[in-house]
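Read the structure below first, then the notes.
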Amino acid sequence: MTTTPPPPDILSPEFAADPYPAYRILREHYPLFHDKGTDSYLLSRYEDVARAFREPVFTTDNYEWQIEPAHGGRTLPQMSGREHSVRRALVAPAFRGRELREKFLPVIERNARELIDAFREDAEADLVAQFATRFPINVIVDMLGLDRADHDRFHGWYESVVGFLANLSQDPEVAAAGLRAGEELSAYLRPVLTERRAAPGDDLLSTLCTAEVEGTRMSDQDITSFVSLLLAAGGETTDKALGSLFRNLLAHPRQLAAVRADRSLIPAAFAETLRYTPPVQMIMRQPDADVTLSGGTVPAGATVTCLIGSANRDERHYARPDAFNVLRTDLTPATAFSAAADHVAFALGRHFCVGALLARTEIEVGVNQLLDAFPAMDFAGDTAPPDVGVFTRGPARLQVRLTSGGGPGAVRSAPPAPHPSGR
């Protein structure tokens, strides 16, 4: 006789240590489950999470209390209809196509090189502390045309704002730190915005100050809230993804060798990392009408927690979902960074992450430069470091042994590798 396991507690230490067994129980036995700890309905199956991201009945009204206080105002993910389409059109060009390639790619390349130079000759390094967590924030500060001496200051604000957004247990000190960071960031930016409006430059902040679509321009409040959002969303995805990508590849040496030999596999490795160990594990939505999903009906106005980490491991959608495989055939790298993605790590539909192509560019540059700099790399310890976190998740440290390949611009060299079908 088989017994149904009890529903998991997503705020428990066991869940924080490893959520994937709990996700499996939810998908199998509780595809729609009201979690008292978060007072939300948990969606764990791919089909339901994809619907919650795509269908207009699922609003982002919950962001009014969840993210707006930290950002100091309404942000793009909260908007809908014409307001959303116009605001997205104002900011999106900077994160794709010619603007990204010609204006900001050199900024990304320079920041990756400078960070790597600091440990290029070292025998060991922590790729999280010394590279992954610094890289995207430094890039954003430079894209905005702000003082590079303030990199550390922005990193502190980033950590506090992300802490506010991930504060599922409602720790008052974490909440206060997030609100304080938002206020400090806004105070820092206001005089800079006055200067850029008077004398625009060739930076992202000037672009935001001068952009106009259908007679609409961004106010100072719009811009400061967007910068706060950019730090949190843009920083956290790339930060956690870089650490997880290298941890996953180092744990599967044949796949690492294949990526080293064929750099065109880097987007596939990034896409598979987003599926296998997504940086953002859950995103909330709020339906404005009753909605029937797998396992029952969600009432209008309730909070829905879309478990990205579970949906991306759904055995109904992926073959061998608990295996990391950069060559899996049920994930398409060509569409993995667009609204047509067949994973849900960047959401889907009208609120698909506006910075997905920026994240892809940062990952490609960072991975290429690290592989060029270090022809050999492996874990400094005996085992792969675990992920930490509940709302967002990734390795807190990634201590690796390094073999240097020479100075900046060293010739790329990669050994032949067997087919990356496993370890």
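Each chain of the structure tokens is named A, B, ... in the order shown, its residues numbered from 1; ligands are numbered from 1 in display order.
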Residues near A:Arg320, cut-off 12 Å, only C-alpha atoms, skip fewer than 5 positions along chain, as a JSON list (two decimals) with C-alpha atoms, in the first residue's frame:
[["chain", "number", "residue", "atom", "x", "y", "z"],
["A", 276, "TYR", "CA", 18.34, 22.83, -14.40],
["A", 312, "ASN", "CA", 11.80, 23.46, -15.29],
["A", 313, "ARG", "CA", 12.20, 19.93, -13.87],
["A", 314, "ASP", "CA", 8.72, 18.71, -14.90],
["A", 315, "GLU", "CA", 8.98, 15.15, -16.24],
["A", 325, "ASN", "CA", 22.84, 17.94, -20.40],
["A", 328, "ARG", "CA", 19.38, 17.96, -24.64],
["A", 329, "THR", "CA", 16.96, 18.02, -27.57],
["A", 330, "ASP", "CA", 13.95, 19.36, -25.67],
["A", 421, "SER", "CA", 26.19, 12.82, -22.69],
["A", 422, "GLY", "CA", 27.05, 12.82, -19.01]]
Nearby residues (only C-alpha atoms) at most 8 Å from A:Leu265, same-chain spacing under 5 positions excluded, as a PyMOL selection string: chain A and resi 258-259+326
Can you build me a table of stretch 111-193 of chain A residues sitting at most 8 Å from stretch 225-235 of chain A, with the closest atom pair per residue and its distance in Å to one decimal, using only C-alpha atoms, sorted by chain and residue number, as JSON lines?
{"residue": "A:Thr133", "atom": "CA", "partner": "A:Gly235", "partner_atom": "CA", "distance": 7.7}
{"residue": "A:Pro136", "atom": "CA", "partner": "A:Gly235", "partner_atom": "CA", "distance": 5.2}
{"residue": "A:Ile137", "atom": "CA", "partner": "A:Gly235", "partner_atom": "CA", "distance": 5.6}
{"residue": "A:Ile140", "atom": "CA", "partner": "A:Leu231", "partner_atom": "CA", "distance": 7.1}
{"residue": "A:Tyr158", "atom": "CA", "partner": "A:Leu231", "partner_atom": "CA", "distance": 5.7}
{"residue": "A:Glu159", "atom": "CA", "partner": "A:Ala232", "partner_atom": "CA", "distance": 7.9}
{"residue": "A:Val161", "atom": "CA", "partner": "A:Ala232", "partner_atom": "CA", "distance": 6.4}
{"residue": "A:Val162", "atom": "CA", "partner": "A:Ala232", "partner_atom": "CA", "distance": 5.5}
{"residue": "A:Gly182", "atom": "CA", "partner": "A:Ser228", "partner_atom": "CA", "distance": 7.1}
{"residue": "A:Leu185", "atom": "CA", "partner": "A:Ser228", "partner_atom": "CA", "distance": 7.5}
{"residue": "A:Ser186", "atom": "CA", "partner": "A:Ser225", "partner_atom": "CA", "distance": 7.9}
Generate a file of the selected residues that holds N, CA and C atoms, formatted as a PDB file, in the first residue's frame.
ATOM      1  N   THR A 133      29.453  37.646  -8.779  1.00  0.00           N
ATOM      2  CA  THR A 133      28.585  38.595  -8.078  1.00  0.00           C
ATOM      3  C   THR A 133      28.956  40.048  -8.369  1.00  0.00           C
ATOM      4  N   PRO A 136      28.027  41.550 -13.187  1.00  0.00           N
ATOM      5  CA  PRO A 136      26.861  42.233 -13.757  1.00  0.00           C
ATOM      6  C   PRO A 136      26.608  43.599 -13.143  1.00  0.00           C
ATOM      7  N   ILE A 137      26.898  43.780 -11.851  1.00  0.00           N
ATOM      8  CA  ILE A 137      26.670  45.084 -11.223  1.00  0.00           C
ATOM      9  C   ILE A 137      27.660  46.109 -11.768  1.00  0.00           C
ATOM     10  N   ILE A 140      26.441  47.147 -15.183  1.00  0.00           N
ATOM     11  CA  ILE A 140      25.285  48.045 -15.142  1.00  0.00           C
ATOM     12  C   ILE A 140      25.710  49.463 -14.757  1.00  0.00           C
ATOM     13  N   TYR A 158      22.430  46.633  -4.342  1.00  0.00           N
ATOM     14  CA  TYR A 158      21.916  45.448  -5.044  1.00  0.00           C
ATOM     15  C   TYR A 158      21.592  44.328  -4.060  1.00  0.00           C
ATOM     16  N   GLU A 159      22.512  44.039  -3.161  1.00  0.00           N
ATOM     17  CA  GLU A 159      22.291  42.953  -2.205  1.00  0.00           C
ATOM     18  C   GLU A 159      21.100  43.250  -1.295  1.00  0.00           C
ATOM     19  N   VAL A 161      18.419  45.272  -1.943  1.00  0.00           N
ATOM     20  CA  VAL A 161      17.157  45.242  -2.685  1.00  0.00           C
ATOM     21  C   VAL A 161      16.760  43.801  -2.993  1.00  0.00           C
ATOM     22  N   VAL A 162      17.717  42.974  -3.420  1.00  0.00           N
ATOM     23  CA  VAL A 162      17.420  41.566  -3.681  1.00  0.00           C
ATOM     24  C   VAL A 162      16.965  40.874  -2.393  1.00  0.00           C
ATOM     25  N   GLY A 182      16.758  51.418  -1.377  1.00  0.00           N
ATOM     26  CA  GLY A 182      15.998  52.096  -2.426  1.00  0.00           C
ATOM     27  C   GLY A 182      16.018  53.601  -2.276  1.00  0.00           C
ATOM     28  N   LEU A 185      19.597  54.900  -3.135  1.00  0.00           N
ATOM     29  CA  LEU A 185      19.836  54.867  -4.577  1.00  0.00           C
ATOM     30  C   LEU A 185      19.122  56.024  -5.264  1.00  0.00           C
ATOM     31  N   SER A 186      17.875  56.274  -4.874  1.00  0.00           N
ATOM     32  CA  SER A 186      17.113  57.367  -5.471  1.00  0.00           C
ATOM     33  C   SER A 186      17.770  58.714  -5.194  1.00  0.00           C
TER      34      SER A 186
END
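The closest residue to A:Arg260, picked from A:Ser310, A:Pro321, A:Ala373, A:Asp222 and counting only C-alpha atoms, is A:Ala373.
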Backbone-only DSSP, strand (DSSP E) members of stretch 114-259 of chain A, as an NGL selection string: :A and (124-126 or 212-213 or 216-217)
A:Pro8 environment, 8 Å, only C-alpha atoms, sequence neighbours closer than 2 positions dropped, as a ChimeraX atom specification: /A:6,10,15,22,25-26
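Of the residues listed (A:Ala376, A:Leu348, A:Val141, A:Leu250), A:Leu250 shows the shortest atom-to-atom separation from A:Phe324; distances use only C-alpha atoms.
Using only C-alpha atoms, the shortest contact distance between A:Ser294 and any of A:Phe104, A:Phe33, A:Trp157, A:Trp65 is found at A:Phe33.
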